[in-house]
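S.K.: Dumping the structure here so I can ask a few things about it.
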Protein chains: 2
Amino acid sequence: MNRNLERAQDNFIEGIGHLSSTLGFSKVMGQLYALLYLSDKPLSLDDMVKRLVISKGSASINIRELEEKGAVKRIWMKGSRRNFYEAETDLAKIIRDRIALSTRWRMDEIRDIIQKSEELIQNVKGDSNNSEERRRIKFYSQRLKEMKRLHKRAHNLLGKLLLFTKTIKF
Amino acid sequence: MNRNLERAQDNFIEGIGHLSSTLGFSKVMGQLYALLYLSDKPLSLDDMVKRLVISKGSASINIRELEEKGAVKRIWMKGSRRNFYEAETDLAKIIRDRIALSTRWRMDEIRDIIQKSEELIQNVKGDSNNSEERRRIKFYSQRLKEMKRLHKRAHNLLGKLLLFTKTIKF
DNA sequence: TAATATGTTTAGAATATTGTAAACACTCTA
DNA sequence: TAGAGTGTTTACAATATTCTAAACATATTA
């Protein structure tokens, strides 16, 4: 392959790999995606292993995760027993789905923390002995209430934003 | 301190600590913030060290990061030599600023990757020997163009969204 | 100035993550 | 059915992160 073209691609692949790692994914995942994104035809696992000089195990695990996230598609090539892969190029969709999913379970996690805390604070309210403690308990309840309010509003806002981004063509 | 109140707080602190770690911050950072968020008065480093049973070094480093991110404020308490801290309770603002900042440099990173790749591909265009390679080079350029377009639109959209969230009261 | 109070830095331990190499399992075909 | 081709799993190695403990630096007070 043209040495300069390869170098140009490497720059892109490395960059996306780095970006991937700062987003909480592995570097290899980003590199695999970038390679497929630049490739004019589907690539097999061994193609990618050779091109990126990584182990097969790592390629196997990372490509599967990309597939689960909907970032790559498995392609059947007539006459070959290999699995081939292609990048899902609707990047906007991938990102949107990812954000929707990750914010959703984060919001749920927060909701659960608040809920559990509310239960626990209810149990305390009875046994307040002195005024100092009553103040603390009251303060805690107050903060929980604030956070609950913020959570609800953020939840609504996120829903609206996601709807909004779906109507937009990137 | 009331044992049950303490247990209730611990639940909250642990939850926020975990959330913090999934967001790319350290667990201790989240725990410190949560503790301050629930406290009805500013706390010193030693207060927090005792309450969370962590090392002073870790507390020192993590509280400083929280301060840099604008999530806690340092408070001067007349008559004490200690530094006291208080949670910044405008959570919406903290989150917004954080998102604005982190997306900004991610967008810049992507822009730089694309730009560098464009330069590199320019150098290749001259020495295309056969049609197979010309096709690949063309394909690569095409993809870069697509990504550039997406980047530009995402950039605009993000700007608008941030503006929008600033006008909203949480 | 000695002793104390306080926060910061650092060296290293503990832990988590992620990649590699090789064994493994499965499928196809000769 | 033996053997080759292909992807997956696993045990381990390399690396990065983050905490702790202790040394250190600085400021304050007696």
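Residue names in the structure tokens use chain letters A, B, ... in the order shown, residue numbers from 1 in each chain, and ligand numbers from 1 in the order shown.
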Output as a VMD selection string the set of chain A residues within 10 Å of chain D, with distances taken over only C-alpha atoms (C1' of nucleotides).

M.R.: chain A and resid 45 to 46 56 to 57 60 to 61 81 to 83

S.K.: Would you write out those residues with all heavy atoms, as a PDB file, in the first residue's frame?

M.R.:
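As written to disk, result15.pdb reads:
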ATOM      1  N   LEU A  45     -11.287  -9.741  10.552  1.00  0.00           N
ATOM      2  CA  LEU A  45     -10.546  -9.601  11.794  1.00  0.00           C
ATOM      3  C   LEU A  45      -9.045  -9.645  11.514  1.00  0.00           C
ATOM      4  O   LEU A  45      -8.279  -8.817  12.029  1.00  0.00           O
ATOM      5  CB  LEU A  45     -10.932 -10.741  12.735  1.00  0.00           C
ATOM      6  CG  LEU A  45     -10.862 -10.438  14.226  1.00  0.00           C
ATOM      7  CD1 LEU A  45     -11.804  -9.327  14.589  1.00  0.00           C
ATOM      8  CD2 LEU A  45     -11.187 -11.685  15.024  1.00  0.00           C
ATOM      9  N   ASP A  46      -8.632 -10.598  10.698  1.00  0.00           N
ATOM     10  CA  ASP A  46      -7.199 -10.727  10.414  1.00  0.00           C
ATOM     11  C   ASP A  46      -6.652  -9.526   9.644  1.00  0.00           C
ATOM     12  O   ASP A  46      -5.526  -9.108   9.868  1.00  0.00           O
ATOM     13  CB  ASP A  46      -6.929 -12.022   9.640  1.00  0.00           C
ATOM     14  CG  ASP A  46      -6.929 -13.234  10.557  1.00  0.00           C
ATOM     15  OD1 ASP A  46      -6.638 -13.056  11.755  1.00  0.00           O
ATOM     16  OD2 ASP A  46      -7.230 -14.340  10.099  1.00  0.00           O
ATOM     17  N   LYS A  56      -4.986 -10.845  18.208  1.00  0.00           N
ATOM     18  CA  LYS A  56      -6.296 -11.268  17.734  1.00  0.00           C
ATOM     19  C   LYS A  56      -7.335 -11.226  18.846  1.00  0.00           C
ATOM     20  O   LYS A  56      -8.494 -10.870  18.620  1.00  0.00           O
ATOM     21  CB  LYS A  56      -6.188 -12.701  17.219  1.00  0.00           C
ATOM     22  CG  LYS A  56      -6.763 -12.892  15.835  1.00  0.00           C
ATOM     23  CD  LYS A  56      -6.388 -14.254  15.308  1.00  0.00           C
ATOM     24  CE  LYS A  56      -7.594 -15.034  14.887  1.00  0.00           C
ATOM     25  NZ  LYS A  56      -7.240 -16.392  14.419  1.00  0.00           N
ATOM     26  N   GLY A  57      -6.898 -11.604  20.039  1.00  0.00           N
ATOM     27  CA  GLY A  57      -7.822 -11.604  21.168  1.00  0.00           C
ATOM     28  C   GLY A  57      -8.415 -10.228  21.410  1.00  0.00           C
ATOM     29  O   GLY A  57      -9.626 -10.072  21.531  1.00  0.00           O
ATOM     30  N   SER A  60     -10.787  -9.289  18.654  1.00  0.00           N
ATOM     31  CA  SER A  60     -12.044 -10.013  18.775  1.00  0.00           C
ATOM     32  C   SER A  60     -12.968  -9.376  19.804  1.00  0.00           C
ATOM     33  O   SER A  60     -14.144  -9.114  19.541  1.00  0.00           O
ATOM     34  CB  SER A  60     -11.742 -11.466  19.168  1.00  0.00           C
ATOM     35  OG  SER A  60     -12.924 -12.162  19.475  1.00  0.00           O
ATOM     36  N   ILE A  61     -12.413  -9.108  20.977  1.00  0.00           N
ATOM     37  CA  ILE A  61     -13.224  -8.536  22.060  1.00  0.00           C
ATOM     38  C   ILE A  61     -13.709  -7.140  21.710  1.00  0.00           C
ATOM     39  O   ILE A  61     -14.881  -6.799  21.878  1.00  0.00           O
ATOM     40  CB  ILE A  61     -12.411  -8.500  23.368  1.00  0.00           C
ATOM     41  CG1 ILE A  61     -12.326  -9.917  23.940  1.00  0.00           C
ATOM     42  CG2 ILE A  61     -13.029  -7.556  24.366  1.00  0.00           C
ATOM     43  CD1 ILE A  61     -11.312 -10.072  25.036  1.00  0.00           C
ATOM     44  N   ARG A  81     -15.359 -17.644   4.641  1.00  0.00           N
ATOM     45  CA  ARG A  81     -15.834 -18.073   5.955  1.00  0.00           C
ATOM     46  C   ARG A  81     -15.555 -17.014   7.009  1.00  0.00           C
ATOM     47  O   ARG A  81     -15.985 -17.144   8.167  1.00  0.00           O
ATOM     48  CB  ARG A  81     -15.146 -19.379   6.338  1.00  0.00           C
ATOM     49  CG  ARG A  81     -15.674 -20.564   5.558  1.00  0.00           C
ATOM     50  CD  ARG A  81     -14.702 -21.710   5.569  1.00  0.00           C
ATOM     51  NE  ARG A  81     -14.332 -22.095   6.943  1.00  0.00           N
ATOM     52  CZ  ARG A  81     -13.345 -22.937   7.211  1.00  0.00           C
ATOM     53  NH1 ARG A  81     -12.624 -23.455   6.232  1.00  0.00           N
ATOM     54  NH2 ARG A  81     -13.073 -23.263   8.449  1.00  0.00           N
ATOM     55  N   ARG A  82     -14.824 -16.021   6.636  1.00  0.00           N
ATOM     56  CA  ARG A  82     -14.505 -14.976   7.612  1.00  0.00           C
ATOM     57  C   ARG A  82     -15.691 -14.074   7.908  1.00  0.00           C
ATOM     58  O   ARG A  82     -16.618 -13.957   7.117  1.00  0.00           O
ATOM     59  CB  ARG A  82     -13.377 -14.095   7.071  1.00  0.00           C
ATOM     60  CG  ARG A  82     -12.004 -14.709   7.106  1.00  0.00           C
ATOM     61  CD  ARG A  82     -11.018 -13.654   6.620  1.00  0.00           C
ATOM     62  NE  ARG A  82      -9.677 -13.929   7.093  1.00  0.00           N
ATOM     63  CZ  ARG A  82      -8.812 -14.671   6.415  1.00  0.00           C
ATOM     64  NH1 ARG A  82      -9.164 -15.209   5.260  1.00  0.00           N
ATOM     65  NH2 ARG A  82      -7.604 -14.889   6.895  1.00  0.00           N
ATOM     66  N   ASN A  83     -15.595 -13.417   9.076  1.00  0.00           N
ATOM     67  CA  ASN A  83     -16.503 -12.319   9.372  1.00  0.00           C
ATOM     68  C   ASN A  83     -15.876 -11.038   8.860  1.00  0.00           C
ATOM     69  O   ASN A  83     -14.717 -10.751   9.155  1.00  0.00           O
ATOM     70  CB  ASN A  83     -16.700 -12.165  10.878  1.00  0.00           C
ATOM     71  CG  ASN A  83     -17.508 -13.294  11.461  1.00  0.00           C
ATOM     72  OD1 ASN A  83     -18.302 -13.916  10.748  1.00  0.00           O
ATOM     73  ND2 ASN A  83     -17.316 -13.567  12.735  1.00  0.00           N
TER      74      ASN A  83
END

S.K.: Residues of chain B near chain A: apply a cut-off of 8 Å, count only C-alpha atoms, and supply the list as a ChimeraX atom specification.

M.R.: /B:1-2,4-5,7-9,11-12,15-16,19,24,37-40,92,106,109-110,113-114,116-117,120-121,123-124,133,136-137,139-140,143,150,153-154,170

S.K.: If the cut-off is 8 Å, can you tell me the residues of chain A near chain C, counting only C-alpha atoms (C1' of nucleotides)? I'd like them as a list in words.

M.R.: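 That gives Ser26, Ser55, Gly57 and Ser58 of chain A for chain A.
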
S.K.: Can I get the selection written as a short mmCIF file (atom, residue, chain, number, x, y, z; two decimals), in the first residue's frame, with N, CA, C and O atoms?

M.R.:
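Produced file selection-v3.cif, reproduced below:
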data_model
loop_
_atom_site.label_atom_id
_atom_site.label_comp_id
_atom_site.auth_asym_id
_atom_site.auth_seq_id
_atom_site.Cartn_x
_atom_site.Cartn_y
_atom_site.Cartn_z
N SER A 26 -11.94 1.75 25.05
CA SER A 26 -10.53 1.42 24.92
C SER A 26 -9.96 2.06 23.66
O SER A 26 -10.69 2.42 22.73
N SER A 55 -3.13 -7.83 18.93
CA SER A 55 -3.41 -9.26 19.07
C SER A 55 -4.82 -9.59 18.60
O SER A 55 -5.71 -8.74 18.60
N GLY A 57 -6.90 -11.60 20.04
CA GLY A 57 -7.82 -11.60 21.17
C GLY A 57 -8.42 -10.23 21.41
O GLY A 57 -9.63 -10.07 21.53
N SER A 58 -7.55 -9.26 21.44
CA SER A 58 -8.00 -7.89 21.66
C SER A 58 -8.93 -7.44 20.54
O SER A 58 -9.98 -6.84 20.80
#

S.K.: Would you please extract all alpha helix (DSSP H) residues from range 43-109 of chain B, as assigned by DSSP on the backbone, and give them as a VMD selection string?

M.R.: chain B and resid 45 to 52 56 to 68 91 to 109

S.K.: Please dump the current selection as a PDB file, in the first residue's frame; keep C-alpha atoms.

M.R.:
ATOM      1  CA  LEU B  45      -9.744  18.751  55.718  1.00  0.00           C
ATOM      2  CA  ASP B  46      -9.294  16.869  58.967  1.00  0.00           C
ATOM      3  CA  ASP B  47     -13.036  16.709  59.533  1.00  0.00           C
ATOM      4  CA  MET B  48     -13.439  15.053  56.167  1.00  0.00           C
ATOM      5  CA  VAL B  49     -10.466  12.738  56.645  1.00  0.00           C
ATOM      6  CA  LYS B  50     -11.947  11.518  59.914  1.00  0.00           C
ATOM      7  CA  ARG B  51     -15.473  11.196  58.605  1.00  0.00           C
ATOM      8  CA  LEU B  52     -14.592   9.329  55.406  1.00  0.00           C
ATOM      9  CA  LYS B  56      -4.936  13.228  54.248  1.00  0.00           C
ATOM     10  CA  GLY B  57      -2.935  13.177  51.024  1.00  0.00           C
ATOM     11  CA  SER B  58      -5.841  11.908  49.034  1.00  0.00           C
ATOM     12  CA  ALA B  59      -8.193  14.383  50.665  1.00  0.00           C
ATOM     13  CA  SER B  60      -5.810  17.240  49.920  1.00  0.00           C
ATOM     14  CA  ILE B  61      -5.423  16.377  46.259  1.00  0.00           C
ATOM     15  CA  ASN B  62      -9.064  15.641  45.633  1.00  0.00           C
ATOM     16  CA  ILE B  63     -10.420  18.689  47.407  1.00  0.00           C
ATOM     17  CA  ARG B  64      -8.126  20.854  45.315  1.00  0.00           C
ATOM     18  CA  GLU B  65      -9.477  19.325  42.129  1.00  0.00           C
ATOM     19  CA  LEU B  66     -13.007  19.936  43.297  1.00  0.00           C
ATOM     20  CA  GLU B  67     -12.068  23.529  43.972  1.00  0.00           C
ATOM     21  CA  GLU B  68     -10.562  23.907  40.502  1.00  0.00           C
ATOM     22  CA  LEU B  91     -25.290  21.828  40.761  1.00  0.00           C
ATOM     23  CA  ALA B  92     -26.781  22.777  37.435  1.00  0.00           C
ATOM     24  CA  LYS B  93     -24.067  25.341  36.912  1.00  0.00           C
ATOM     25  CA  ILE B  94     -21.280  22.940  37.824  1.00  0.00           C
ATOM     26  CA  ILE B  95     -22.539  20.308  35.435  1.00  0.00           C
ATOM     27  CA  ARG B  96     -23.107  22.795  32.658  1.00  0.00           C
ATOM     28  CA  ASP B  97     -19.648  24.293  32.965  1.00  0.00           C
ATOM     29  CA  ARG B  98     -18.107  20.849  33.086  1.00  0.00           C
ATOM     30  CA  ILE B  99     -19.918  19.682  29.960  1.00  0.00           C
ATOM     31  CA  ALA B 100     -19.137  22.882  28.139  1.00  0.00           C
ATOM     32  CA  LEU B 101     -15.466  22.548  28.934  1.00  0.00           C
ATOM     33  CA  SER B 102     -15.013  18.874  28.209  1.00  0.00           C
ATOM     34  CA  THR B 103     -16.963  18.925  24.974  1.00  0.00           C
ATOM     35  CA  ARG B 104     -15.068  21.976  23.871  1.00  0.00           C
ATOM     36  CA  TRP B 105     -11.675  20.374  23.981  1.00  0.00           C
ATOM     37  CA  ARG B 106     -12.994  17.176  22.540  1.00  0.00           C
ATOM     38  CA  MET B 107     -14.391  19.072  19.608  1.00  0.00           C
ATOM     39  CA  ASP B 108     -11.051  20.830  19.237  1.00  0.00           C
ATOM     40  CA  GLU B 109      -9.235  17.526  19.340  1.00  0.00           C
TER      41      GLU B 109
END

S.K.: Calculate how many Å separate CA of Ser21 in chain A from CA of Leu163 in chain A, rounding to one decimal.

M.R.: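 So the two atoms, CA of Ser21 in chain A and CA of Leu163 in chain A, lie 27.9 Å apart.
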
S.K.: What are the DSSP strand (DSSP E or B) residues of range 2-98 of chain A, as a ChimeraX atom specification?

M.R.: /A:43-44,72-75,84-87

S.K.: May I have the residues from that selection written out with all heavy atoms, as a tab-separated table (two decimals), in the first residue's frame?

M.R.:
chain	number	residue	atom	x	y	z
A	43	LEU	N	-13.61	-5.23	6.13
A	43	LEU	CA	-12.35	-5.88	6.52
A	43	LEU	C	-12.62	-7.04	7.47
A	43	LEU	O	-13.57	-7.00	8.25
A	43	LEU	CB	-11.44	-4.87	7.22
A	43	LEU	CG	-11.01	-3.64	6.43
A	43	LEU	CD1	-10.11	-2.75	7.27
A	43	LEU	CD2	-10.31	-4.04	5.13
A	44	SER	N	-11.77	-8.06	7.38
A	44	SER	CA	-11.88	-9.19	8.29
A	44	SER	C	-11.08	-8.91	9.55
A	44	SER	O	-10.28	-7.97	9.59
A	44	SER	CB	-11.34	-10.45	7.63
A	44	SER	OG	-9.93	-10.37	7.55
A	72	VAL	N	-20.38	-0.76	14.39
A	72	VAL	CA	-19.96	-1.48	13.18
A	72	VAL	C	-20.98	-2.57	12.85
A	72	VAL	O	-21.72	-3.01	13.72
A	72	VAL	CB	-18.56	-2.13	13.34
A	72	VAL	CG1	-17.52	-1.11	13.76
A	72	VAL	CG2	-18.60	-3.29	14.32
A	73	LYS	N	-21.00	-2.95	11.59
A	73	LYS	CA	-21.91	-4.00	11.15
A	73	LYS	C	-21.11	-5.19	10.67
A	73	LYS	O	-20.06	-5.03	10.04
A	73	LYS	CB	-22.76	-3.50	9.98
A	73	LYS	CG	-23.88	-2.59	10.39
A	73	LYS	CD	-24.65	-2.12	9.18
A	73	LYS	CE	-23.77	-1.26	8.27
A	73	LYS	NZ	-24.54	-0.45	7.30
A	74	ARG	N	-21.60	-6.38	10.94
A	74	ARG	CA	-20.95	-7.56	10.42
A	74	ARG	C	-21.51	-7.83	9.03
A	74	ARG	O	-22.71	-7.73	8.79
A	74	ARG	CB	-21.22	-8.76	11.32
A	74	ARG	CG	-20.18	-9.85	11.13
A	74	ARG	CD	-20.51	-11.06	11.94
A	74	ARG	NE	-20.67	-10.75	13.37
A	74	ARG	CZ	-20.63	-11.68	14.32
A	74	ARG	NH1	-20.43	-12.95	14.00
A	74	ARG	NH2	-20.83	-11.35	15.57
A	75	ILE	N	-20.60	-8.13	8.14
A	75	ILE	CA	-21.00	-8.30	6.74
A	75	ILE	C	-20.67	-9.72	6.30
A	75	ILE	O	-19.61	-10.24	6.60
A	75	ILE	CB	-20.19	-7.34	5.85
A	75	ILE	CG1	-20.40	-5.89	6.29
A	75	ILE	CG2	-20.54	-7.54	4.39
A	75	ILE	CD1	-21.74	-5.35	5.96
A	84	PHE	N	-16.66	-10.29	8.13
A	84	PHE	CA	-16.17	-8.98	7.70
A	84	PHE	C	-16.95	-7.90	8.42
A	84	PHE	O	-18.08	-8.12	8.85
A	84	PHE	CB	-16.32	-8.84	6.18
A	84	PHE	CG	-15.29	-9.63	5.43
A	84	PHE	CD1	-15.46	-11.00	5.21
A	84	PHE	CD2	-14.14	-9.02	4.95
A	84	PHE	CE1	-14.50	-11.74	4.53
A	84	PHE	CE2	-13.18	-9.75	4.27
A	84	PHE	CZ	-13.36	-11.12	4.06
A	85	TYR	N	-16.31	-6.76	8.53
A	85	TYR	CA	-16.96	-5.66	9.25
A	85	TYR	C	-16.90	-4.36	8.44
A	85	TYR	O	-15.97	-4.14	7.66
A	85	TYR	CB	-16.31	-5.44	10.61
A	85	TYR	CG	-16.48	-6.60	11.53
A	85	TYR	CD1	-15.56	-7.64	11.54
A	85	TYR	CD2	-17.60	-6.69	12.36
A	85	TYR	CE1	-15.72	-8.73	12.38
A	85	TYR	CE2	-17.77	-7.77	13.20
A	85	TYR	CZ	-16.83	-8.80	13.20
A	85	TYR	OH	-16.99	-9.88	14.02
A	86	GLU	N	-17.89	-3.56	8.71
A	86	GLU	CA	-18.02	-2.27	8.04
A	86	GLU	C	-18.39	-1.24	9.10
A	86	GLU	O	-19.12	-1.56	10.02
A	86	GLU	CB	-19.18	-2.40	7.04
A	86	GLU	CG	-19.02	-1.65	5.75
A	86	GLU	CD	-20.20	-1.95	4.85
A	86	GLU	OE1	-21.34	-1.67	5.28
A	86	GLU	OE2	-19.98	-2.47	3.74
A	87	ALA	N	-17.91	-0.03	8.94
A	87	ALA	CA	-18.28	1.02	9.90
A	87	ALA	C	-19.72	1.46	9.66
A	87	ALA	O	-20.16	1.58	8.51
A	87	ALA	CB	-17.35	2.21	9.76
